[in-house]
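Some notes on the structure that comes next.
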Amino acid sequence: MGKFIKRLLKSFAGLIVVLALCMVAIFIFVDPNKFREPLERVFYKQYGQVLTIQGPLLWSWSPLLSLELHDVVLDNAAPFKDKILVAKIIRTELGLASLFTGKVFINIKLVGVNLALERNSKGMDNWTMLVQRLSNKASAASQISQNDSSSIPTTSAVAPTMPTPPVSPPVSPPVSPPESPTVSASSTPSTPSTISSSTSSSSESQPSVSGSESKSVLLSGIKIEDGEISFHDQQKNKHYVLDHLNLSAENIMKGLIGNETPIALSFHLGNASKQAVGRFSLKCAWAHLPLKDELNFRNISLKFEFPAGKITTLNGEAKIINLSDHPIVQGKMESNNIDVKPWLDELGIKHNPTLPTAGNISTLFKYSMPYLSLNDLNLQLKDNGNMTGNIKVDLNRLSPQSLQAEGDFLGKQLQFGKIKLDEIKGAILAKEGLIKISPMVVQMAQSVQQCSLHIDLRGQSPKYTFTQLGRGFDIKHLLLMMGVKDKLEGKTDLKISLTTMGNTADELRNNLSGQTEIEIHQGKFYGINLISLLKNAQTGVHSLVDGLKKKPGFNLEMGMSSVQELWKQKNPNPSASTPFNLIKATTNINQGIIKNSDLAITHPEYIVNGSGTINLTNDAVLYLTAVLYKGNAYPANDTFGKYLESMALPVRIEGTIGNPMIRPDLKAYTNNALAYAQKNIVEDVIQKNVQENVKKNVEKAVGSALNQLLDKVK
């Protein structure tokens, strides 16, 4: 047995030496430039596009035989012009497995490759036809491999194909290239027609490249150095560049038989001027498990780095199951430093600075074409609360007009500016550009609010419809959460229905329209003791008028001063308050202006009615109200007292939404009271004067008549 093994090893060593000598002979005696024309001709025949090798073809030894193609150019198909691909170096190297399996395993290295993708104004793109042709060839090769009785038991060794991009309108067949150029070793490209005519006589002496021979050519590894992919979209007038592209995927055959092998990818994403918007890198280990029909990825590390220096790392693992039928991708992902703010800033997307953008995230994901599901999604926000939920999205329908998704969410202890939500939960449904978040239950400020939000993305600007219904909560806590302290309290019923549209906070505020209804029971408002003020106003004015009517020599100036002393109080006075039984109001909102015409406040001692506006654009409040005091019960014969019971005190409410000022117009109230009192006093004086004058006139007339009569008698 030992002798047999020794002989086997010697035979194996001899085979290696023979193969090595053959490779050395090829390296020395075969001119690789003879492959130029057959390669160009076969590529055009198979794929219908002109491939030109403008530079030399060179053998290299590292340590196996390899062939380098320099300055390779692939022309666009009509109607596109220029080049779709340019590569400084394309290097193909025989893999070690080629020595033992009877198949040709190659490693490919691309240096300085530039792929220029383009979509014209009609929506046609320059890659669909080529990708479809490549996919068809790969599918045919895969079918042949399945029928092959080779020692490699799996068909997955066939080079993987690129996923086909969304199919654009079919492009026209490529126009045949001109026939004038001739074959040369220089940079002048050779056309297929010229190749065919010039090489037919010598085809027997040149290496043959046929489709049958390519059946056994399998990809063992690929490496890209300093690549670039650009995309110019004439329809949307946008240009993107993916440069500094580096890819390393070696030992593919090792991974295909179940052994983990590494893969690394990195690139920069830039704008039209090639300024880096983001830097991305991916590293992981993968392995194909043929018996399970699975492809596993472990130790995934995906990094995003932006010019601001913020690095976000996503870690996780994934696997693709059911590879041969309907592939499903599933796994888990987590990050301890995710922050979307740099993404938004660098991409020029405006965002509300009060909204949280950073935190930790973890989720289970599943992709089954075309749906992506994120389950057990957990987002722990930085210095904030957390969000959990599930979402399912149709990746084929991501545009605003066709968005389709569904899910649910639960948030706890979330802070948005001044607004703090103890809990928010709801269901999401997006279909055909309409997003519905309903039902949505919000717990905040010791209250439970039933809400709904509909977003219409089908127009140029998003349109929002919001409803809110709250029952029996104390409005004091809601105002306090918004920074408004000691203004109002009471059990509140609130109903809101609003619509707005826009892309910015200003647009949303200025376009706000809708209706609101509010009722506040058994509460009080702060800043003024309205009952005391009204009582003092009535009592003071009444005593002032009594002094004028009943006290001779009454000093009006001193009386006014004493009344004003009763009315003096600091306004606003935080310690002062006014109770009420009910506040009731409805409002109409149009383009950011809230109008209310039926404000009513009731209490056993007073009644308030009024109207006003709240301008959300300039943060201004203006209300005009009339307050009627009913606490003093004057006797029926007190004419002036009864007048005071029916005379309202004007109260003006003005200022900002966060700090409204209550300003009673005591001057107008006093002037009205004194005007009535003055009229009443004058009438009394006139009546008294009339009575005295009549008496004097009668006495004078009677006396004159008697004197005349006495004179006649004499």
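Naming scheme: A, B, ... for chains in displayed order of the structure tokens; residues 1 onward per chain; ligands 1 onward as shown.
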- Message: What parts of region 396-576 of chain A does DSSP call strand (DSSP E)? I'd like the answer as an NGL selection string.
- Response: :A and (405-416 or 419-431 or 434-444 or 447-456 or 463-474 or 488-501 or 513-527 or 573-576)
- Task: Write out as a VMD selection string which residues come within 12 Å of Arg91 (chain A) when counting only C-alpha atoms, dropping same-chain ones fewer than 2 positions away.
- Result: chain A and resid 56 to 62 65 to 72 87 to 89 93 to 94 106 to 113 221 to 225
- Task: Grab the CA of Thr602 (chain A) to CA of Ile583 (chain A) distance for me, in Å with one decimal place.
- Result: 6.8 Å
- Query: Can you list, as JSON, numbers by chain, every protein, DNA or RNA residue that comes within 12 Å of Gly483 (chain A) when you count only C-alpha atoms, leaving out same-chain residues fewer than 3 positions away?
  - Reply: {"A": [417, 418, 419, 420, 476, 477, 478, 479, 480, 486, 487, 657, 658, 659]}
- Using only C-alpha atoms, which residues sit within 10 Å of Val448 (chain A) once same-chain residues fewer than 3 positions away are excluded, as JSON, numbers by chain? {"A": [422, 423, 424, 441, 442, 443, 444, 445, 451, 469, 470, 471, 472, 473]}
Would you mind exporting the chosen residues as an mmCIF file, in the first residue's frame, restricted to all heavy atoms?
```cif
data_model
loop_
_atom_site.group_PDB
_atom_site.id
_atom_site.type_symbol
_atom_site.label_atom_id
_atom_site.label_comp_id
_atom_site.auth_asym_id
_atom_site.auth_seq_id
_atom_site.Cartn_x
_atom_site.Cartn_y
_atom_site.Cartn_z
ATOM 1 N N ASP A 422 -46.273 59.524 25.685
ATOM 2 C CA ASP A 422 -46.057 58.388 26.577
ATOM 3 C C ASP A 422 -46.153 57.081 25.803
ATOM 4 O O ASP A 422 -45.395 56.140 26.041
ATOM 5 C CB ASP A 422 -47.080 58.413 27.710
ATOM 6 C CG ASP A 422 -46.962 59.666 28.550
ATOM 7 O OD1 ASP A 422 -45.823 60.054 28.862
ATOM 8 O OD2 ASP A 422 -47.998 60.264 28.871
ATOM 9 N N GLU A 423 -47.080 57.049 24.854
ATOM 10 C CA GLU A 423 -47.218 55.873 24.003
ATOM 11 C C GLU A 423 -47.972 56.253 22.739
ATOM 12 O O GLU A 423 -48.896 57.069 22.773
ATOM 13 C CB GLU A 423 -47.956 54.756 24.744
ATOM 14 C CG GLU A 423 -48.092 53.468 23.928
ATOM 15 C CD GLU A 423 -48.763 52.349 24.703
ATOM 16 O OE1 GLU A 423 -48.161 51.890 25.700
ATOM 17 O OE2 GLU A 423 -49.892 51.957 24.330
ATOM 18 N N ILE A 424 -47.569 55.667 21.634
ATOM 19 C CA ILE A 424 -48.285 55.833 20.371
ATOM 20 C C ILE A 424 -48.247 54.502 19.635
ATOM 21 O O ILE A 424 -47.195 53.877 19.521
ATOM 22 C CB ILE A 424 -47.687 56.964 19.507
ATOM 23 C CG1 ILE A 424 -48.430 57.068 18.174
ATOM 24 C CG2 ILE A 424 -46.199 56.780 19.283
ATOM 25 C CD1 ILE A 424 -48.024 58.274 17.350
ATOM 26 N N VAL A 441 -53.599 55.425 18.278
ATOM 27 C CA VAL A 441 -53.932 55.797 19.651
ATOM 28 C C VAL A 441 -52.705 56.439 20.286
ATOM 29 O O VAL A 441 -51.623 55.859 20.291
ATOM 30 C CB VAL A 441 -54.376 54.576 20.472
ATOM 31 C CG1 VAL A 441 -54.739 54.996 21.894
ATOM 32 C CG2 VAL A 441 -55.569 53.886 19.797
ATOM 33 N N VAL A 442 -52.898 57.652 20.815
ATOM 34 C CA VAL A 442 -51.800 58.415 21.409
ATOM 35 C C VAL A 442 -52.109 58.664 22.883
ATOM 36 O O VAL A 442 -53.187 59.180 23.216
ATOM 37 C CB VAL A 442 -51.601 59.759 20.685
ATOM 38 C CG1 VAL A 442 -50.453 60.539 21.324
ATOM 39 C CG2 VAL A 442 -51.339 59.539 19.207
ATOM 40 N N GLN A 443 -51.170 58.287 23.734
ATOM 41 C CA GLN A 443 -51.269 58.613 25.150
ATOM 42 C C GLN A 443 -50.257 59.703 25.465
ATOM 43 O O GLN A 443 -49.054 59.507 25.293
ATOM 44 C CB GLN A 443 -51.003 57.377 26.005
ATOM 45 C CG GLN A 443 -52.028 56.265 25.846
ATOM 46 C CD GLN A 443 -51.767 55.100 26.777
ATOM 47 O OE1 GLN A 443 -51.101 55.243 27.805
ATOM 48 N NE2 GLN A 443 -52.285 53.932 26.418
ATOM 49 N N MET A 444 -50.766 60.868 25.893
ATOM 50 C CA MET A 444 -49.885 61.982 26.220
ATOM 51 C C MET A 444 -50.600 62.902 27.193
ATOM 52 O O MET A 444 -51.825 63.013 27.177
ATOM 53 C CB MET A 444 -49.493 62.762 24.963
ATOM 54 C CG MET A 444 -50.642 63.397 24.215
ATOM 55 S SD MET A 444 -50.063 64.327 22.779
ATOM 56 C CE MET A 444 -51.617 64.996 22.179
ATOM 57 N N ALA A 445 -49.805 63.555 28.032
ATOM 58 C CA ALA A 445 -50.329 64.538 28.982
ATOM 59 C C ALA A 445 -51.520 63.979 29.754
ATOM 60 O O ALA A 445 -52.556 64.624 29.892
ATOM 61 C CB ALA A 445 -50.733 65.810 28.244
ATOM 62 N N CYS A 451 -56.604 59.063 17.002
ATOM 63 C CA CYS A 451 -56.168 59.871 15.862
ATOM 64 C C CYS A 451 -56.143 59.038 14.583
ATOM 65 O O CYS A 451 -56.180 57.809 14.607
ATOM 66 C CB CYS A 451 -54.765 60.446 16.105
ATOM 67 S SG CYS A 451 -54.570 61.338 17.644
ATOM 68 N N LEU A 469 -59.504 62.894 18.331
ATOM 69 C CA LEU A 469 -60.648 62.899 19.233
ATOM 70 C C LEU A 469 -60.167 62.523 20.622
ATOM 71 O O LEU A 469 -59.621 61.443 20.833
ATOM 72 C CB LEU A 469 -61.714 61.907 18.756
ATOM 73 C CG LEU A 469 -62.979 61.798 19.613
ATOM 74 C CD1 LEU A 469 -63.732 63.127 19.622
ATOM 75 C CD2 LEU A 469 -63.876 60.681 19.103
ATOM 76 N N GLY A 470 -60.355 63.472 21.566
ATOM 77 C CA GLY A 470 -59.968 63.229 22.953
ATOM 78 C C GLY A 470 -61.142 63.491 23.878
ATOM 79 O O GLY A 470 -61.896 64.448 23.681
ATOM 80 N N ARG A 471 -61.316 62.656 24.890
ATOM 81 C CA ARG A 471 -62.440 62.775 25.812
ATOM 82 C C ARG A 471 -61.955 62.804 27.255
ATOM 83 O O ARG A 471 -61.160 61.969 27.679
ATOM 84 C CB ARG A 471 -63.399 61.590 25.643
ATOM 85 C CG ARG A 471 -64.028 61.451 24.264
ATOM 86 C CD ARG A 471 -65.052 62.523 24.018
ATOM 87 N NE ARG A 471 -65.783 62.294 22.775
ATOM 88 C CZ ARG A 471 -66.646 63.160 22.266
ATOM 89 N NH1 ARG A 471 -66.880 64.293 22.892
ATOM 90 N NH2 ARG A 471 -67.265 62.893 21.127
ATOM 91 N N GLY A 472 -62.433 63.800 28.028
ATOM 92 C CA GLY A 472 -62.274 63.805 29.470
ATOM 93 C C GLY A 472 -60.867 63.980 29.994
ATOM 94 O O GLY A 472 -60.558 63.527 31.092
ATOM 95 N N PHE A 473 -59.977 64.647 29.265
ATOM 96 C CA PHE A 473 -58.620 64.869 29.773
ATOM 97 C C PHE A 473 -58.484 66.310 30.255
ATOM 98 O O PHE A 473 -59.258 67.199 29.876
ATOM 99 C CB PHE A 473 -57.579 64.567 28.700
ATOM 100 C CG PHE A 473 -57.595 65.511 27.531
ATOM 101 C CD1 PHE A 473 -56.779 66.639 27.499
ATOM 102 C CD2 PHE A 473 -58.436 65.278 26.454
ATOM 103 C CE1 PHE A 473 -56.801 67.504 26.421
ATOM 104 C CE2 PHE A 473 -58.452 66.137 25.369
ATOM 105 C CZ PHE A 473 -57.641 67.251 25.356
#
```
- Looking at A:Ser220, A:Asn581, A:Gln522, A:Thr312, which one is nearest to Lys103 (chain A), with distances taken over only C-alpha atoms?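 Among A:Ser220, A:Asn581, A:Gln522, A:Thr312, it is A:Ser220 that comes nearest to Lys103 (chain A).
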- Message: If we count only C-alpha atoms and set the cut-off at 10 Å, which residues sit around Glu654 (chain A), ignoring sequence neighbours fewer than 4 positions away in its own chain? Please answer as a list in words.
- Response: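 Those residues are Gly612, Thr613, Ile614, Ala620, Val621, Leu622, Tyr623, Leu624, Asn659, Pro660, Met661, Ile662 and Arg663 of chain A.
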Output file for the residues above (N, CA and C atoms, as a JSON list (two decimals), in the first residue's frame):
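Wrote it out as part_6.json, contents follow:
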```
[["chain", "number", "residue", "atom", "x", "y", "z"],
["A", 612, "GLY", "N", -62.96, 85.74, 17.78],
["A", 612, "GLY", "CA", -61.59, 86.16, 17.56],
["A", 612, "GLY", "C", -60.88, 85.31, 16.54],
["A", 613, "THR", "N", -59.58, 85.56, 16.38],
["A", 613, "THR", "CA", -58.74, 84.84, 15.42],
["A", 613, "THR", "C", -57.41, 84.47, 16.06],
["A", 614, "ILE", "N", -56.85, 83.38, 15.56],
["A", 614, "ILE", "CA", -55.49, 82.96, 15.92],
["A", 614, "ILE", "C", -54.75, 82.77, 14.61],
["A", 620, "ALA", "N", -50.07, 85.05, 16.38],
["A", 620, "ALA", "CA", -50.79, 86.17, 17.01],
["A", 620, "ALA", "C", -52.19, 85.72, 17.40],
["A", 621, "VAL", "N", -52.63, 86.19, 18.60],
["A", 621, "VAL", "CA", -53.96, 85.90, 19.12],
["A", 621, "VAL", "C", -54.70, 87.22, 19.33],
["A", 622, "LEU", "N", -55.95, 87.29, 18.88],
["A", 622, "LEU", "CA", -56.77, 88.48, 19.10],
["A", 622, "LEU", "C", -58.22, 88.05, 19.28],
["A", 623, "TYR", "N", -58.77, 88.30, 20.50],
["A", 623, "TYR", "CA", -60.15, 87.98, 20.81],
["A", 623, "TYR", "C", -60.82, 89.20, 21.43],
["A", 624, "LEU", "N", -62.07, 89.45, 21.05],
["A", 624, "LEU", "CA", -62.90, 90.50, 21.65],
["A", 624, "LEU", "C", -64.08, 89.81, 22.31],
["A", 659, "ASN", "N", -48.49, 82.80, 25.09],
["A", 659, "ASN", "CA", -48.63, 83.75, 26.19],
["A", 659, "ASN", "C", -49.72, 84.78, 25.88],
["A", 660, "PRO", "N", -50.99, 84.37, 25.90],
["A", 660, "PRO", "CA", -52.08, 85.33, 25.67],
["A", 660, "PRO", "C", -52.30, 86.21, 26.89],
["A", 661, "MET", "N", -52.60, 87.50, 26.67],
["A", 661, "MET", "CA", -52.81, 88.47, 27.74],
["A", 661, "MET", "C", -54.30, 88.83, 27.80],
["A", 662, "ILE", "N", -54.89, 88.81, 29.03],
["A", 662, "ILE", "CA", -56.29, 89.16, 29.23],
["A", 662, "ILE", "C", -56.35, 90.61, 29.70],
["A", 663, "ARG", "N", -56.99, 91.48, 28.92],
["A", 663, "ARG", "CA", -57.00, 92.92, 29.21],
["A", 663, "ARG", "C", -58.45, 93.42, 29.26]]
```
